[in-house]
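S.K.: Quick one: the structure is below, questions incoming.
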Amino acid sequence: MHMSLAIQCTWTPLQMPRLRPPSFGPFLLHSPHTNFFPSFGGIRSRITTYPSFMAAMSTVSTQKEPVLNEDEPTQKTLQPSQVAQRLEKFKTTIFTQMSMLAIKHGAINLGQGFPNFDGPEFVKEAAIEAIKAGKNQYARGYGVPDLNSAISERFKKDTGLVVDPEKEVTVTSGCTEAIAATMLGLINPGDEVIVFAPFYDSYEATLSMAGAKIKCITLRPPNFSVPLDELKSTISKNTRAVLINTPHNPTGKMFTREELNTIASLCIENDVLVFTDEVYDKLAFEMDHISMASLPGMYERTVTLNSLGKTFSLTGWKIGWAIAPPHLTWGVRQAHSFLTFATCTPMQHAAAAALRAPESYYEELKRDYSAKKAILVEGLKAVGFKVYPSSGTYFVVVDHTPFGQENDVAFCEYLITEVGVVAIPTSVFYLNPEDGKNLVRFTFCKDEGTLRSAVERMKEKLLRK
Ligand SMILES: Cc1ncc(COP(=O)(O)O)c(C=O)c1O
């Protein structure tokens, strides 16, 4: 198959598109929102000169574009980019692209949400010990027993719920895989799933892989509250699941008890499942985090998704989990078995040690992040942004319009190239990108010096128009 394609579709070096540095091309290419393109003069010419992102272009160009990894020598046989229809509309993720651009322009990266500091020593030591102790072969598919137990102990402390580590906890490769396993394991083609925009980008892609029909409800500034009447009129007996994320990326919104209660009673009334992504549960600053599973009558219809990355500043470890009653765990595990089967063994042992951290660890984490948040929020206000309240996560969303750029993508381009700071345009988190065009997201998961330097750069160079 591979061979025959290579023969059919060979580009000689002479026929190759000219390679130029990406300028801002890749970032723009990512936008799923082709209606932005006309507003950027010359975008198409930049597209054709930056073929490594051709794969991201399937909705705006023809399918048969050559793909070339920009790090590889140009003396290569180029192949046409191919992607299955269910993924055609998705692009290289914005987070990867922004991080690449940060490096290229020497910009301070307040875009992608990974800490620029390390995770705790005791967790790293536990990983080293596990490796040295020979815990290096395939783990049990649904998790190393000690980690399943640690997850259920933690869940009991957090929610009061007692779950069976053997039957109700599935360890996955990050929350990203837990999300995918949940969608693929529990959603049938054509099932309606309600999501709240803005939303984390993997939701739409995995729902698309599962063949779901997405029903989107938009959360709007300043409070990003759930429009309960709209929810009531959207949910029906045809709804299979509602997907929530609290604390919420990118807005920092935390679902209130009233919102959760309303969602819960609508789900019970209509026999609907809830998938709840709680990866930022330990970064709740302004109010207590409430787990949907802990509400009366909800555990039996809820899949709770979480991971180690944010809480332990170890985003690269990709240890996640799904907690659900046995009848839902069955579907999640079936998908997980054929996605990754099992997750990195020694890191699972270390994750068990992490989750048994004393409460003081979590308190200190919150204190540290509160200080970082204050630096960024006060700084952004001083720069002249309208900063929306963020109750949780390590993100804050601002209105960039005082600076006169026509939309969030243009603003982020300007911010990187002229100011040297990276933010994330929020339109990529919406089904309708227009809804996010005035908003950009900054992260404060960086050391205090970095946050202060970014604020200083913006104070010096960002001019109101
Ligand atoms: C809301 C949300 N869910 C899930 C994830 C993915 O988590 P993991 O790195 O554990 O796969 C992220 C990462 O940024 C996120 O923001």
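Labels used: A, B, ... for chains in the order of the structure tokens, numbers from 1 for residues in each chain, and numbers from 1 for ligands as shown.
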Skip Asp201 (chain A) itself and residues of its chain fewer than 4 positions away, then list as a list in words all residues within 9 Å of it, counting only C-alpha atoms.
M.R.: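 Final neighbour list, sorted by chain and number: Thr93, Ala205, Val428, Phe429 and Tyr430 of chain A.
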S.K.: Go ahead and save the picked residues with N, CA and C atoms, as a PDB file, in the first residue's frame.
M.R.:
```pdb
ATOM      1  N   THR A  93      -2.552  20.481  16.202  1.00  0.00           N
ATOM      2  CA  THR A  93      -3.173  21.232  17.289  1.00  0.00           C
ATOM      3  C   THR A  93      -2.476  22.564  17.497  1.00  0.00           C
ATOM      4  N   ALA A 205     -12.762  16.127  18.247  1.00  0.00           N
ATOM      5  CA  ALA A 205     -12.098  15.123  17.395  1.00  0.00           C
ATOM      6  C   ALA A 205     -12.512  13.708  17.796  1.00  0.00           C
ATOM      7  N   VAL A 428     -10.228  28.720  18.444  1.00  0.00           N
ATOM      8  CA  VAL A 428     -10.020  27.294  18.155  1.00  0.00           C
ATOM      9  C   VAL A 428     -10.773  26.380  19.135  1.00  0.00           C
ATOM     10  N   PHE A 429     -11.314  26.957  20.193  1.00  0.00           N
ATOM     11  CA  PHE A 429     -12.062  26.159  21.169  1.00  0.00           C
ATOM     12  C   PHE A 429     -13.575  26.188  20.902  1.00  0.00           C
ATOM     13  N   TYR A 430     -13.976  26.842  19.826  1.00  0.00           N
ATOM     14  CA  TYR A 430     -15.413  26.995  19.557  1.00  0.00           C
ATOM     15  C   TYR A 430     -15.799  26.264  18.287  1.00  0.00           C
TER      16      TYR A 430
END
```
S.K.: As a list in words, please: every protein or nucleic acid residue near ligand 1 (cut-off 7 Å, counting only C-alpha atoms and all ligand atoms).
M.R.: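 Those within range of ligand 1 are Gly113, Ser173, Gly174, Cys175, Thr176, Glu177, Tyr200, Asn245, His248, Asn249, Asp277, Val279, Asn306, Ser307, Leu308, Gly309, Thr315, Lys318, Ile319 and Gly320 of chain A.
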S.K.: With C-alpha atoms retained, export the selected residues as a PDB file, in the first residue's frame.
M.R.:
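Result written to part_7.pdb:
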```
ATOM      1  CA  GLY A 113      -0.451  24.739  29.437  1.00  0.00           C
ATOM      2  CA  SER A 173      -2.394   7.219  28.880  1.00  0.00           C
ATOM      3  CA  GLY A 174      -3.330  10.667  30.097  1.00  0.00           C
ATOM      4  CA  CYS A 175      -6.790  12.108  30.329  1.00  0.00           C
ATOM      5  CA  THR A 176      -6.658  12.457  26.557  1.00  0.00           C
ATOM      6  CA  GLU A 177      -6.863   8.701  26.188  1.00  0.00           C
ATOM      7  CA  TYR A 200     -10.798  21.347  24.921  1.00  0.00           C
ATOM      8  CA  ASN A 245     -15.224  20.244  32.075  1.00  0.00           C
ATOM      9  CA  HIS A 248     -12.905  24.737  32.684  1.00  0.00           C
ATOM     10  CA  ASN A 249     -10.222  25.143  30.049  1.00  0.00           C
ATOM     11  CA  ASP A 277     -13.315  16.136  32.682  1.00  0.00           C
ATOM     12  CA  VAL A 279      -8.124  17.438  35.250  1.00  0.00           C
ATOM     13  CA  ASN A 306      -8.776  12.933  35.356  1.00  0.00           C
ATOM     14  CA  SER A 307      -4.987  12.735  35.203  1.00  0.00           C
ATOM     15  CA  LEU A 308      -1.756  13.324  37.040  1.00  0.00           C
ATOM     16  CA  GLY A 309      -0.266  15.965  34.737  1.00  0.00           C
ATOM     17  CA  THR A 315       2.300  16.755  31.952  1.00  0.00           C
ATOM     18  CA  LYS A 318       0.558  11.046  30.506  1.00  0.00           C
ATOM     19  CA  ILE A 319      -0.989   9.031  33.289  1.00  0.00           C
ATOM     20  CA  GLY A 320      -4.752   9.427  33.389  1.00  0.00           C
TER      21      GLY A 320
END
```
S.K.: Looking at A:Pro189, A:Ile268, A:Asn438, A:Asp158, which one is nearest to Gln405 (chain A), with distances taken over only C-alpha atoms?
M.R.: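 Using only C-alpha atoms, the shortest distance to Gln405 (chain A) belongs to A:Asn438.
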S.K.: Out of region 155-376 of chain A, which residues get strand (DSSP E or B) from DSSP, as a PyMOL selection string?
M.R.: chain A and resi 169-172+192-197+213-218+220+225+239-245+273-277+284+302-307+320-323
S.K.: Put those residues in a file: N, CA and C atoms, as a short mmCIF file (atom, residue, chain, number, x, y, z; two decimals), in the first residue's frame.
M.R.:
```cif
data_model
loop_
_atom_site.label_atom_id
_atom_site.label_comp_id
_atom_site.auth_asym_id
_atom_site.auth_seq_id
_atom_site.Cartn_x
_atom_site.Cartn_y
_atom_site.Cartn_z
N VAL A 169 -12.23 1.59 38.11
CA VAL A 169 -11.14 2.52 37.79
C VAL A 169 -10.35 1.94 36.61
N THR A 170 -10.15 2.77 35.59
CA THR A 170 -9.35 2.35 34.43
C THR A 170 -8.22 3.35 34.24
N VAL A 171 -6.99 2.87 34.26
CA VAL A 171 -5.84 3.75 34.06
C VAL A 171 -5.58 3.87 32.55
N THR A 172 -5.34 5.10 32.13
CA THR A 172 -5.16 5.38 30.69
C THR A 172 -3.90 6.20 30.46
N GLU A 192 -26.46 11.67 20.00
CA GLU A 192 -26.28 13.10 20.29
C GLU A 192 -25.49 13.28 21.58
N VAL A 193 -24.50 14.15 21.51
CA VAL A 193 -23.73 14.48 22.70
C VAL A 193 -23.68 16.00 22.84
N ILE A 194 -24.03 16.49 24.02
CA ILE A 194 -24.02 17.94 24.25
C ILE A 194 -22.66 18.36 24.81
N VAL A 195 -22.05 19.36 24.19
CA VAL A 195 -20.79 19.91 24.71
C VAL A 195 -20.97 21.41 24.91
N PHE A 196 -20.16 21.96 25.81
CA PHE A 196 -20.21 23.40 26.06
C PHE A 196 -18.98 24.04 25.43
N ALA A 197 -19.21 24.99 24.53
CA ALA A 197 -18.09 25.71 23.94
C ALA A 197 -17.82 26.96 24.78
N LYS A 213 -23.19 12.94 17.02
CA LYS A 213 -23.79 14.18 16.54
C LYS A 213 -23.59 15.20 17.65
N ILE A 214 -22.79 16.23 17.38
CA ILE A 214 -22.48 17.18 18.46
C ILE A 214 -23.54 18.26 18.54
N LYS A 215 -24.03 18.48 19.76
CA LYS A 215 -24.95 19.60 20.03
C LYS A 215 -24.18 20.56 20.92
N CYS A 216 -23.96 21.75 20.41
CA CYS A 216 -23.06 22.66 21.13
C CYS A 216 -23.81 23.81 21.79
N ILE A 217 -23.51 24.05 23.03
CA ILE A 217 -24.08 25.19 23.75
C ILE A 217 -22.93 26.12 24.13
N THR A 218 -23.07 27.40 23.82
CA THR A 218 -21.95 28.32 24.04
C THR A 218 -22.04 29.02 25.39
N ARG A 220 -20.88 32.17 27.51
CA ARG A 220 -20.46 33.50 27.07
C ARG A 220 -19.92 34.35 28.22
N SER A 225 -21.51 31.49 32.20
CA SER A 225 -22.52 30.66 32.89
C SER A 225 -23.22 29.74 31.90
N THR A 239 -30.64 12.45 23.52
CA THR A 239 -29.28 12.77 23.97
C THR A 239 -28.67 11.55 24.65
N ARG A 240 -27.47 11.21 24.23
CA ARG A 240 -26.80 10.08 24.88
C ARG A 240 -25.96 10.57 26.07
N ALA A 241 -25.28 11.74 25.90
CA ALA A 241 -24.38 12.18 26.97
C ALA A 241 -24.22 13.69 26.94
N VAL A 242 -23.88 14.23 28.12
CA VAL A 242 -23.47 15.63 28.24
C VAL A 242 -22.02 15.59 28.70
N LEU A 243 -21.19 16.41 28.05
CA LEU A 243 -19.76 16.45 28.38
C LEU A 243 -19.46 17.77 29.07
N ILE A 244 -18.96 17.69 30.30
CA ILE A 244 -18.61 18.94 30.98
C ILE A 244 -17.13 18.92 31.37
N ASN A 245 -16.62 20.09 31.66
CA ASN A 245 -15.22 20.24 32.08
C ASN A 245 -15.18 21.31 33.17
N LEU A 273 -26.11 10.17 30.00
CA LEU A 273 -24.84 10.00 30.72
C LEU A 273 -24.14 11.36 30.85
N VAL A 274 -23.24 11.45 31.83
CA VAL A 274 -22.38 12.64 31.93
C VAL A 274 -20.93 12.19 31.88
N PHE A 275 -20.16 12.84 31.01
CA PHE A 275 -18.71 12.65 30.99
C PHE A 275 -18.12 13.94 31.57
N THR A 276 -17.37 13.81 32.65
CA THR A 276 -16.90 15.02 33.30
C THR A 276 -15.37 15.02 33.39
N ASP A 277 -14.77 16.00 32.74
CA ASP A 277 -13.32 16.14 32.68
C ASP A 277 -12.90 17.05 33.82
N ALA A 284 -8.45 24.81 42.07
CA ALA A 284 -9.72 25.52 42.27
C ALA A 284 -9.46 26.61 43.29
N THR A 302 -22.28 8.52 35.43
CA THR A 302 -21.18 9.47 35.20
C THR A 302 -19.85 8.76 34.98
N VAL A 303 -19.08 9.27 34.02
CA VAL A 303 -17.68 8.86 33.86
C VAL A 303 -16.83 10.07 34.25
N THR A 304 -16.01 9.91 35.27
CA THR A 304 -15.15 11.00 35.73
C THR A 304 -13.75 10.80 35.16
N LEU A 305 -13.26 11.83 34.48
CA LEU A 305 -11.98 11.74 33.78
C LEU A 305 -10.97 12.65 34.46
N ASN A 306 -9.76 12.12 34.66
CA ASN A 306 -8.78 12.93 35.36
C ASN A 306 -7.38 12.47 34.96
N SER A 307 -6.36 13.17 35.46
CA SER A 307 -4.99 12.74 35.20
C SER A 307 -4.04 13.36 36.20
N GLY A 320 -3.39 8.95 33.14
CA GLY A 320 -4.75 9.43 33.39
C GLY A 320 -5.64 8.28 33.83
N TRP A 321 -6.92 8.60 34.06
CA TRP A 321 -7.84 7.54 34.47
C TRP A 321 -9.30 7.94 34.24
N ALA A 322 -10.12 6.90 34.19
CA ALA A 322 -11.56 7.09 34.10
C ALA A 322 -12.17 6.31 35.26
N ILE A 323 -13.06 6.99 35.99
CA ILE A 323 -13.77 6.32 37.09
C ILE A 323 -15.25 6.27 36.70
#
```
S.K.: Kindly give the distance, in Å, that separates CA of Tyr280 (chain A) and CA of Thr246 (chain A), rounded to a single decimal.
M.R.: 7.2 Å
S.K.: Using only C-alpha atoms, tabulate the residues of region 283-387 of chain A lying at most 6 Å from any atom of region 134-147 of chain A, each with its closest atom pair and that distance in Å to one decimal, by chain and increasing residue number, as CSV.
M.R.:
```
residue,atom,partner,partner_atom,distance
A:Phe341,CA,A:Gly141,CA,5.2
A:Ala342,CA,A:Gly141,CA,4.4
A:Thr345,CA,A:Ala139,CA,5.2
A:Pro346,CA,A:Lys135,CA,5.5
A:Ala352,CA,A:Leu147,CA,4.5
```
S.K.: Check the smallest atom-to-atom distance from each of A:Gly392, A:Pro227, A:Gly185, A:Gly384 to Phe285 (chain A) using only C-alpha atoms, then report the winner.
M.R.: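 The answer is A:Gly392, which sits nearest to Phe285 (chain A).
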S.K.: Residues at most 8 Å from Arg356 (chain A), counting only C-alpha atoms, excluding those fewer than 2 positions away in the same chain, as a VMD selection string?
M.R.: chain A and resid 150 154 352 to 354 358
S.K.: Output N, CA and C atoms for every residue in that selection, as a PDB file, in the first residue's frame.
M.R.:
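The result, stored in again03.pdb:
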```pdb
ATOM      1  N   ALA A 150      -4.806   3.600  44.656  1.00  0.00           N
ATOM      2  CA  ALA A 150      -4.501   4.991  45.038  1.00  0.00           C
ATOM      3  C   ALA A 150      -5.527   5.955  44.439  1.00  0.00           C
ATOM      4  N   ARG A 154      -7.984   8.342  46.639  1.00  0.00           N
ATOM      5  CA  ARG A 154      -8.008   9.792  46.409  1.00  0.00           C
ATOM      6  C   ARG A 154      -9.445  10.259  46.124  1.00  0.00           C
ATOM      7  N   ALA A 352       1.069   6.258  41.751  1.00  0.00           N
ATOM      8  CA  ALA A 352       0.426   5.809  42.992  1.00  0.00           C
ATOM      9  C   ALA A 352       1.037   6.544  44.181  1.00  0.00           C
ATOM     10  N   ALA A 353       2.366   6.693  44.151  1.00  0.00           N
ATOM     11  CA  ALA A 353       3.033   7.439  45.238  1.00  0.00           C
ATOM     12  C   ALA A 353       2.567   8.891  45.232  1.00  0.00           C
ATOM     13  N   ALA A 354       2.445   9.462  44.053  1.00  0.00           N
ATOM     14  CA  ALA A 354       2.025  10.871  43.954  1.00  0.00           C
ATOM     15  C   ALA A 354       0.649  11.069  44.583  1.00  0.00           C
ATOM     16  N   PRO A 358       0.613  13.874  50.998  1.00  0.00           N
ATOM     17  CA  PRO A 358      -0.185  14.433  52.092  1.00  0.00           C
ATOM     18  C   PRO A 358      -0.988  15.643  51.609  1.00  0.00           C
TER      19      PRO A 358
END
```
S.K.: Excluding Phe395 (chain A) and its own-chain neighbours fewer than 5 positions away, which residues fall within 9 Å of it when counting only C-alpha atoms? Please give them as a PDB file with C-alpha atoms, in the first residue's frame.
M.R.:
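As a result, around.pdb now contains:
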```
ATOM      1  CA  GLY A 113      -0.451  24.739  29.437  1.00  0.00           C
ATOM      2  CA  HIS A 248     -12.905  24.737  32.684  1.00  0.00           C
ATOM      3  CA  ASN A 249     -10.222  25.143  30.049  1.00  0.00           C
ATOM      4  CA  PRO A 250      -9.873  27.798  28.619  1.00  0.00           C
ATOM      5  CA  THR A 251     -12.058  30.143  30.710  1.00  0.00           C
ATOM      6  CA  GLY A 252     -11.238  29.097  34.287  1.00  0.00           C
ATOM      7  CA  LYS A 373      -2.238  33.898  39.136  1.00  0.00           C
ATOM      8  CA  SER A 390     -11.047  32.717  36.404  1.00  0.00           C
ATOM      9  CA  ARG A 441      -6.030  32.681  26.724  1.00  0.00           C
ATOM     10  CA  PHE A 442      -2.907  33.094  28.829  1.00  0.00           C
ATOM     11  CA  THR A 443      -1.511  30.483  31.201  1.00  0.00           C
ATOM     12  CA  PHE A 444       0.177  31.131  34.519  1.00  0.00           C
ATOM     13  CA  CYS A 445       1.786  27.691  34.908  1.00  0.00           C
TER      14      CYS A 445
END
```
S.K.: Extract, using only C-alpha atoms, all DNA, RNA and protein residues at most 9 Å from Leu207 (chain A), discarding same-chain residues fewer than 3 positions from it, and format them as a ChimeraX atom specification.
M.R.: /A:180,183-184,187,193,202-204,210-214
S.K.: State, in Å with one decimal place, the distance from CA of His400 (chain A) to CA of Leu380 (chain A).
M.R.: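 Atom-to-atom, CA of His400 (chain A) and CA of Leu380 (chain A) are spaced 10.3 Å apart.
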S.K.: As a PyMOL selection string, please: all residues of region 126-371 of chain A that backbone DSSP puts in helix (DSSP H, G or I).
M.R.: chain A and resi 126-132+145-159+174-186+201-210+228-234+257-270+292-294+299-301+315-317+326-339+345-355+359-371
S.K.: Deliver the residues from the most recent selection as a file, using C-alpha atoms, as a CSV table (one decimal), in the first residue's frame.
M.R.:
```
chain,number,residue,atom,x,y,z
A,126,ALA,CA,9.4,6.7,42.9
A,127,ALA,CA,9.6,6.4,39.1
A,128,ILE,CA,13.4,5.8,39.2
A,129,GLU,CA,12.9,3.2,41.9
A,130,ALA,CA,10.2,1.5,39.9
A,131,ILE,CA,12.4,1.3,36.9
A,132,LYS,CA,15.4,0.0,38.9
A,145,PRO,CA,-3.3,-2.6,41.1
A,146,ASP,CA,-1.5,-0.2,43.4
A,147,LEU,CA,-2.4,2.8,41.2
A,148,ASN,CA,-6.1,1.7,40.8
A,149,SER,CA,-6.2,1.6,44.7
A,150,ALA,CA,-4.5,5.0,45.0
A,151,ILE,CA,-7.0,6.5,42.6
A,152,SER,CA,-9.9,5.1,44.4
A,153,GLU,CA,-8.5,6.3,47.8
A,154,ARG,CA,-8.0,9.8,46.4
A,155,PHE,CA,-11.5,9.8,44.9
A,156,LYS,CA,-13.0,8.9,48.3
A,157,LYS,CA,-11.1,11.7,50.0
A,158,ASP,CA,-12.3,14.2,47.4
A,159,THR,CA,-15.9,13.1,46.8
A,174,GLY,CA,-3.3,10.7,30.1
A,175,CYS,CA,-6.8,12.1,30.3
A,176,THR,CA,-6.7,12.5,26.6
A,177,GLU,CA,-6.9,8.7,26.2
A,178,ALA,CA,-9.5,8.5,28.9
A,179,ILE,CA,-11.6,10.9,26.9
A,180,ALA,CA,-11.1,9.0,23.6
A,181,ALA,CA,-11.8,5.6,25.3
A,182,THR,CA,-15.0,7.0,26.8
A,183,MET,CA,-16.3,8.4,23.5
A,184,LEU,CA,-15.3,5.3,21.5
A,185,GLY,CA,-16.4,2.9,24.2
A,186,LEU,CA,-19.8,4.4,25.0
A,201,ASP,CA,-9.9,20.4,21.4
A,202,SER,CA,-9.8,16.6,21.7
A,203,TYR,CA,-13.6,16.5,22.5
A,204,GLU,CA,-14.7,17.4,19.1
A,205,ALA,CA,-12.1,15.1,17.4
A,206,THR,CA,-12.9,12.1,19.5
A,207,LEU,CA,-16.6,12.6,19.2
A,208,SER,CA,-16.1,12.8,15.5
A,209,MET,CA,-14.2,9.5,15.6
A,210,ALA,CA,-17.1,8.0,17.4
A,228,LEU,CA,-29.9,26.7,31.6
A,229,ASP,CA,-32.9,27.4,29.4
A,230,GLU,CA,-31.0,26.6,26.2
A,231,LEU,CA,-29.7,23.4,27.9
A,232,LYS,CA,-33.3,22.4,28.8
A,233,SER,CA,-34.4,22.9,25.2
A,234,THR,CA,-31.4,21.0,23.8
A,257,ARG,CA,-23.7,23.8,42.3
A,258,GLU,CA,-26.9,25.2,40.8
A,259,GLU,CA,-25.6,24.5,37.3
A,260,LEU,CA,-24.5,21.0,38.2
A,261,ASN,CA,-27.8,20.3,39.9
A,262,THR,CA,-29.7,21.4,36.9
A,263,ILE,CA,-27.6,19.3,34.5
A,264,ALA,CA,-27.9,16.4,36.9
A,265,SER,CA,-31.7,16.5,37.1
A,266,LEU,CA,-32.1,16.9,33.3
A,267,CYS,CA,-29.8,13.9,32.8
A,268,ILE,CA,-31.7,11.8,35.2
A,269,GLU,CA,-35.0,12.8,33.7
A,270,ASN,CA,-33.9,12.0,30.2
A,292,MET,CA,-20.6,15.7,39.2
A,293,ALA,CA,-20.4,12.0,40.3
A,294,SER,CA,-21.0,13.1,43.9
A,299,TYR,CA,-22.6,8.3,40.1
A,300,GLU,CA,-24.3,5.5,38.2
A,301,ARG,CA,-24.5,7.6,35.0
A,315,THR,CA,2.3,16.8,32.0
A,316,GLY,CA,4.7,14.6,30.0
A,317,TRP,CA,4.0,11.5,31.9
A,326,PRO,CA,-18.9,-1.2,36.3
A,327,HIS,CA,-21.5,-1.1,33.5
A,328,LEU,CA,-19.9,2.0,32.0
A,329,THR,CA,-16.4,1.0,32.8
A,330,TRP,CA,-17.0,-2.0,30.5
A,331,GLY,CA,-17.3,0.2,27.4
A,332,VAL,CA,-14.4,2.4,28.5
A,333,ARG,CA,-12.1,-0.6,29.0
A,334,GLN,CA,-13.1,-2.2,25.7
A,335,ALA,CA,-12.0,0.9,23.8
A,336,HIS,CA,-8.9,1.3,26.0
A,337,SER,CA,-7.8,-2.3,25.4
A,338,PHE,CA,-7.5,-1.5,21.7
A,339,LEU,CA,-6.2,2.0,21.9
A,345,THR,CA,4.4,0.6,34.0
A,346,PRO,CA,7.0,2.4,36.1
A,347,MET,CA,5.2,5.7,35.8
A,348,GLN,CA,2.0,4.1,37.1
A,349,HIS,CA,3.9,3.0,40.3
A,350,ALA,CA,5.2,6.6,40.7
A,351,ALA,CA,1.7,7.9,40.1
A,352,ALA,CA,0.4,5.8,43.0
A,353,ALA,CA,3.0,7.4,45.2
A,354,ALA,CA,2.0,10.9,44.0
A,355,LEU,CA,-1.7,10.4,44.7
A,359,GLU,CA,-2.9,17.1,52.0
A,360,SER,CA,-0.1,19.7,52.5
A,361,TYR,CA,1.1,19.0,49.0
A,362,TYR,CA,-2.2,20.1,47.5
A,363,GLU,CA,-2.4,23.1,49.8
A,364,GLU,CA,1.0,24.3,48.8
A,365,LEU,CA,0.2,23.7,45.1
A,366,LYS,CA,-2.8,26.0,45.4
A,367,ARG,CA,-0.8,28.6,47.3
A,368,ASP,CA,1.9,28.6,44.7
A,369,TYR,CA,-0.5,28.9,41.8
A,370,SER,CA,-2.5,31.6,43.6
A,371,ALA,CA,0.6,33.8,43.7
```
